[in-house]
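Enquirer: Starting off with a structure, shown below.
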Amino acid sequence: MAESALQAAIVPVTPLQQNCTLLWCTATMKGALIDPGGDLDRLKAAAASHNVSIEKILLTHGHIDHCGAAGILARELGVKIEGPHQADRFWIARLAEDGRNYGISGEPFEPDRWLDNKDKVTVGELSLDVYHCPGHTPGHVIFHHPGSKLAIVGDVLFRGSIGRTDFPLGNHQQLIDAITTRLWPLGDETAFVPGHGPMSDFGTERRTNPFVADAVLARA
């Protein structure tokens with residue numbers, strides 16, 4: 001039986017314009033919100049407009065703009081939180097403090113499931129692969145749906161840029177290694193939703209990204 005189709009919509013949230021992804025299975029109309037950092041009324045309205053029933057929250061990492069409101073939303077909807085990797089406990093524990101600093105509502109929480117490299121998560125009848133991609137934060141993960149050639153990569157990679165590594169526990173070399181050893185093997189044709197800004201695909205970034213293009217790394 002062919003796998004159910006995936007649909008997705010990007011809903012920018014918080015003053016930092018973080019890309020929250022509403023992702024759903026068309027066979028069941030069950031969905032997930034990936035990185036619901038804030039603006040919960042907007043996210044719930046987006047789900048309702050697509051007739052999607054949210055069954056879980058998925059998180060790429062523990063920064064305030066990506067998960068500050070995750071615990072609040074989980075309580076409101078009665079759903080579970082999966083992700084990120086437990087190495088981001090440091091960031092989740094300081095969400096209230098970071099929220100005050102950034103003017104964003106933030107509340108610490110305990111995910112129902114921490115994720116690790118090569119785990120799988122389900123959304124309706126869909127199955128997504130999980131890859132641990134540290135560097136921007138130590139517990140950052142990304143989600144990949146092979147059938148749709150789509151990845152949700154948080155702040156690992158952007159169109160024309162890469163994630164910052166100057167935050168506490170950031171590591172530039174780890175980030176480069178994660179991109180080249182865990183993202184590039186997913187295929188040049190794979191499109192990705194970054195944590196901020198427009199979508200791109202891995203092939204374009206391998207040709208043109210000033211930080212991780214093949215030609216740039218070959219000279220490094």
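Numbering starts fresh at 1 for the residues of each chain in the structure tokens, the chains themselves are lettered A, B, ... in the order given, and ligands are numbered from 1 as they appear.
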Need the shell around segment 153-166 of chain A: protein/DNA/RNA residues with any atom at most 9 Å away, counting only C-alpha atoms. Skip same-chain ones fewer than 5 positions apart. Format as a ChimeraX atom specification?
Expert: /A:18-19,35,59-61,66,133-137,140-144,171-172,175-176,178-179,183,192-201,204-205,208-212
Enquirer: Write out as a PDB file with C-alpha atoms, in the first residue's frame all residues of segment 21-211 of chain A that backbone DSSP assigns to helix (DSSP H, G or I).
Expert:
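Result file states.pdb:
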ATOM      1  CA  LEU A  40      -0.643  29.909  19.735  1.00  0.00           C
ATOM      2  CA  ASP A  41      -3.924  31.407  18.520  1.00  0.00           C
ATOM      3  CA  ARG A  42      -2.404  31.766  15.059  1.00  0.00           C
ATOM      4  CA  LEU A  43      -1.200  28.150  15.099  1.00  0.00           C
ATOM      5  CA  LYS A  44      -4.529  26.756  16.251  1.00  0.00           C
ATOM      6  CA  ALA A  45      -6.304  28.829  13.587  1.00  0.00           C
ATOM      7  CA  ALA A  46      -3.969  27.458  10.907  1.00  0.00           C
ATOM      8  CA  ALA A  47      -4.727  23.880  11.948  1.00  0.00           C
ATOM      9  CA  ALA A  48      -8.463  24.593  11.931  1.00  0.00           C
ATOM     10  CA  SER A  49      -8.311  26.232   8.501  1.00  0.00           C
ATOM     11  CA  ILE A  64      12.932  30.056  23.060  1.00  0.00           C
ATOM     12  CA  ASP A  65      11.582  30.976  19.598  1.00  0.00           C
ATOM     13  CA  HIS A  66      11.199  27.295  18.712  1.00  0.00           C
ATOM     14  CA  CYS A  67       9.718  25.822  21.871  1.00  0.00           C
ATOM     15  CA  ALA A  70       5.382  24.078  23.533  1.00  0.00           C
ATOM     16  CA  GLY A  71       4.472  23.087  27.089  1.00  0.00           C
ATOM     17  CA  ILE A  72       1.565  25.523  27.187  1.00  0.00           C
ATOM     18  CA  LEU A  73       0.202  24.280  23.856  1.00  0.00           C
ATOM     19  CA  ALA A  74       0.601  20.634  24.855  1.00  0.00           C
ATOM     20  CA  ARG A  75      -1.536  21.266  27.925  1.00  0.00           C
ATOM     21  CA  GLU A  76      -4.181  23.175  25.987  1.00  0.00           C
ATOM     22  CA  LEU A  77      -4.500  20.490  23.302  1.00  0.00           C
ATOM     23  CA  GLN A  86      18.058  15.335  25.750  1.00  0.00           C
ATOM     24  CA  ALA A  87      21.325  17.275  25.352  1.00  0.00           C
ATOM     25  CA  ASP A  88      19.073  20.352  25.072  1.00  0.00           C
ATOM     26  CA  ARG A  89      17.838  20.058  28.674  1.00  0.00           C
ATOM     27  CA  PHE A  90      20.082  23.056  29.369  1.00  0.00           C
ATOM     28  CA  TRP A  91      18.098  25.260  26.995  1.00  0.00           C
ATOM     29  CA  ILE A  92      14.635  24.041  27.983  1.00  0.00           C
ATOM     30  CA  ALA A  93      15.410  24.641  31.668  1.00  0.00           C
ATOM     31  CA  LEU A  95      13.071  29.097  28.807  1.00  0.00           C
ATOM     32  CA  ALA A  96      11.447  31.407  31.367  1.00  0.00           C
ATOM     33  CA  GLU A  97      14.650  33.442  31.721  1.00  0.00           C
ATOM     34  CA  ASP A  98      15.219  33.591  27.963  1.00  0.00           C
ATOM     35  CA  GLY A  99      11.584  34.516  27.451  1.00  0.00           C
ATOM     36  CA  ARG A 100      12.006  37.586  29.644  1.00  0.00           C
ATOM     37  CA  ASN A 101      15.153  38.554  27.761  1.00  0.00           C
ATOM     38  CA  TYR A 102      13.520  38.246  24.332  1.00  0.00           C
ATOM     39  CA  PRO A 146      11.824  10.339   2.449  1.00  0.00           C
ATOM     40  CA  GLY A 147       8.660   9.873   0.404  1.00  0.00           C
ATOM     41  CA  SER A 148       8.094  13.620   0.127  1.00  0.00           C
ATOM     42  CA  HIS A 172      30.928  25.265  14.738  1.00  0.00           C
ATOM     43  CA  GLN A 173      32.748  22.104  13.663  1.00  0.00           C
ATOM     44  CA  GLN A 174      29.948  19.881  14.975  1.00  0.00           C
ATOM     45  CA  LEU A 175      27.476  21.894  12.910  1.00  0.00           C
ATOM     46  CA  ILE A 176      29.530  21.570   9.720  1.00  0.00           C
ATOM     47  CA  ASP A 177      29.927  17.840  10.336  1.00  0.00           C
ATOM     48  CA  ALA A 178      26.181  17.409  10.939  1.00  0.00           C
ATOM     49  CA  ILE A 179      25.322  19.193   7.701  1.00  0.00           C
ATOM     50  CA  THR A 180      27.777  17.259   5.578  1.00  0.00           C
ATOM     51  CA  THR A 181      27.341  13.796   7.122  1.00  0.00           C
ATOM     52  CA  ARG A 182      23.638  13.788   8.034  1.00  0.00           C
ATOM     53  CA  LEU A 183      21.896  16.261   5.724  1.00  0.00           C
ATOM     54  CA  TRP A 184      23.762  15.923   2.422  1.00  0.00           C
ATOM     55  CA  PRO A 185      23.305  12.109   2.246  1.00  0.00           C
ATOM     56  CA  LEU A 186      19.518  12.674   2.200  1.00  0.00           C
ATOM     57  CA  PHE A 202      20.235  20.609  -0.297  1.00  0.00           C
ATOM     58  CA  GLY A 203      21.558  20.616  -3.859  1.00  0.00           C
ATOM     59  CA  THR A 204      21.306  24.392  -4.116  1.00  0.00           C
ATOM     60  CA  GLU A 205      23.108  24.828  -0.799  1.00  0.00           C
ATOM     61  CA  ARG A 206      25.855  22.420  -1.830  1.00  0.00           C
ATOM     62  CA  ARG A 207      26.447  24.605  -4.888  1.00  0.00           C
ATOM     63  CA  THR A 208      25.980  28.104  -3.502  1.00  0.00           C
TER      64      THR A 208
END
Enquirer: Would you mind writing down, as a ChimeraX atom specification, each residue of segment 9-213 of chain A that DSSP on the backbone assigns to strand (DSSP E)?
Expert: /A:9-13,18-25,30-34,53-58,80-82,120-123,126-132,141-145,150-154,157-158,161-162,191-194,200-201
Enquirer: Hey, what's within 6 Å of Gly68 of chain A if we count only C-alpha atoms and toss same-chain stuff fewer than 4 positions away? As a PDB file with N, CA, C and O atoms, in the first residue's frame, please?
Expert:
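New file result.pdb:
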ATOM      1  N   GLY A  37       6.806  27.994  18.740  1.00  0.00           N
ATOM      2  CA  GLY A  37       7.485  28.886  19.675  1.00  0.00           C
ATOM      3  C   GLY A  37       6.581  29.893  20.347  1.00  0.00           C
ATOM      4  O   GLY A  37       6.894  30.399  21.424  1.00  0.00           O
ATOM      5  N   ILE A  64      14.198  29.442  22.673  1.00  0.00           N
ATOM      6  CA  ILE A  64      12.932  30.056  23.060  1.00  0.00           C
ATOM      7  C   ILE A  64      11.977  30.259  21.882  1.00  0.00           C
ATOM      8  O   ILE A  64      10.767  30.013  22.007  1.00  0.00           O
ATOM      9  N   GLY A 106       7.828  32.158  27.670  1.00  0.00           N
ATOM     10  CA  GLY A 106       8.589  30.914  27.728  1.00  0.00           C
ATOM     11  C   GLY A 106       8.337  30.165  29.017  1.00  0.00           C
ATOM     12  O   GLY A 106       8.309  30.756  30.096  1.00  0.00           O
ATOM     13  N   GLU A 107       8.158  28.866  28.912  1.00  0.00           N
ATOM     14  CA  GLU A 107       7.874  28.033  30.087  1.00  0.00           C
ATOM     15  C   GLU A 107       8.606  26.703  29.955  1.00  0.00           C
ATOM     16  O   GLU A 107       8.413  25.980  28.976  1.00  0.00           O
TER      17      GLU A 107
END
Enquirer: Can you list, as an MDAnalysis selection string, every protein, DNA or RNA residue that comes within 8 Å of Thr26 of chain A when you count only C-alpha atoms, leaving out same-chain residues fewer than 2 positions away?
Expert: chainID A and resid 4:7 24 28:30
Enquirer: Atoms to include: N, CA and C atoms. Write the selected residues as a compact mmCIF listing (two decimals), in the first residue's frame.
Expert:
# COMPACT_ATOMS: atom_id res chain seq x y z
N SER A 4 0.74 7.24 2.86
CA SER A 4 -0.14 8.40 2.84
C SER A 4 0.65 9.65 2.48
N ALA A 5 0.00 10.58 1.83
CA ALA A 5 0.65 11.80 1.41
C ALA A 5 0.83 12.77 2.57
N LEU A 6 1.87 13.55 2.45
CA LEU A 6 2.19 14.57 3.45
C LEU A 6 1.84 15.94 2.89
N GLN A 7 1.28 16.78 3.74
CA GLN A 7 1.07 18.18 3.42
C GLN A 7 1.67 19.02 4.55
N TRP A 24 0.86 17.48 8.18
CA TRP A 24 -0.21 16.51 8.41
C TRP A 24 -0.26 15.42 7.36
N THR A 28 -5.44 10.67 7.17
CA THR A 28 -6.10 10.70 8.48
C THR A 28 -6.46 12.12 8.92
N MET A 29 -5.84 13.12 8.29
CA MET A 29 -5.95 14.54 8.68
C MET A 29 -5.48 14.76 10.11
N LYS A 30 -4.62 13.87 10.58
CA LYS A 30 -3.94 14.09 11.85
C LYS A 30 -2.61 14.78 11.57
Enquirer: Rounded to one decimal in Å, what is the spacing between atom CA of His145 of chain A and atom CA of Phe167 of chain A?
Expert: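 Taking atom CA of His145 of chain A as the start and atom CA of Phe167 of chain A as the end point, the length is 29.0 Å.
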Enquirer: Taking only C-alpha atoms into account, name the residue in A:Phe109, A:Thr122, A:Asp188, A:Ala8 that is nearest to Leu58 of chain A.
Expert: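 Looking only at the distances to Leu58 of chain A, the closest residue turns out to be A:Thr122.
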Enquirer: Quick one: distance from atom CA of Ser53 of chain A to atom CA of Lys120 of chain A in Å, one decimal?
Expert: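 Computing the Euclidean distance for atom CA of Ser53 of chain A and atom CA of Lys120 of chain A yields 20.4 Å.
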Enquirer: Counting only C-alpha atoms, figure out which residue out of A:Glu189, A:Lys118, A:Gly124, A:Pro111 gets nearest to Ile54 of chain A.
Expert: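 Of the candidates, the smallest distance to Ile54 of chain A is held by A:Gly124.
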Enquirer: Could you check the closest approach to Glu110 of chain A for each of A:Val130, A:Ala218, A:Ile81, A:Leu169 and tell me which residue wins, using only C-alpha atoms?
Expert: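 Of A:Val130, A:Ala218, A:Ile81, A:Leu169, the one nearest Glu110 of chain A, counting only C-alpha atoms, is A:Ile81.
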Enquirer: For His85 of chain A, please output as a list in words all residues within 6 Å (counting only C-alpha atoms; exclusion window: fewer than 6 positions along the same chain).
Expert: Trp114, Leu115, Asp116 and Gly139 of chain A
Enquirer: Filtering to N, CA, C and O atoms, could you give me those residues as a PDB file, in the first residue's frame?
Expert:
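Ended up saving to out.pdb:
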ATOM      1  N   TRP A 114      12.234  12.062  24.528  1.00  0.00           N
ATOM      2  CA  TRP A 114      13.453  12.615  23.960  1.00  0.00           C
ATOM      3  C   TRP A 114      13.805  11.812  22.716  1.00  0.00           C
ATOM      4  O   TRP A 114      13.571  10.598  22.659  1.00  0.00           O
ATOM      5  N   LEU A 115      14.392  12.454  21.736  1.00  0.00           N
ATOM      6  CA  LEU A 115      14.711  11.779  20.474  1.00  0.00           C
ATOM      7  C   LEU A 115      16.212  11.617  20.304  1.00  0.00           C
ATOM      8  O   LEU A 115      16.998  12.399  20.823  1.00  0.00           O
ATOM      9  N   ASP A 116      16.586  10.601  19.533  1.00  0.00           N
ATOM     10  CA  ASP A 116      17.992  10.339  19.254  1.00  0.00           C
ATOM     11  C   ASP A 116      18.161  10.059  17.764  1.00  0.00           C
ATOM     12  O   ASP A 116      17.179   9.880  17.030  1.00  0.00           O
ATOM     13  N   GLY A 139      21.553  19.463  21.386  1.00  0.00           N
ATOM     14  CA  GLY A 139      20.497  18.466  21.235  1.00  0.00           C
ATOM     15  C   GLY A 139      19.615  18.666  20.025  1.00  0.00           C
ATOM     16  O   GLY A 139      18.508  18.129  19.968  1.00  0.00           O
TER      17      GLY A 139
END
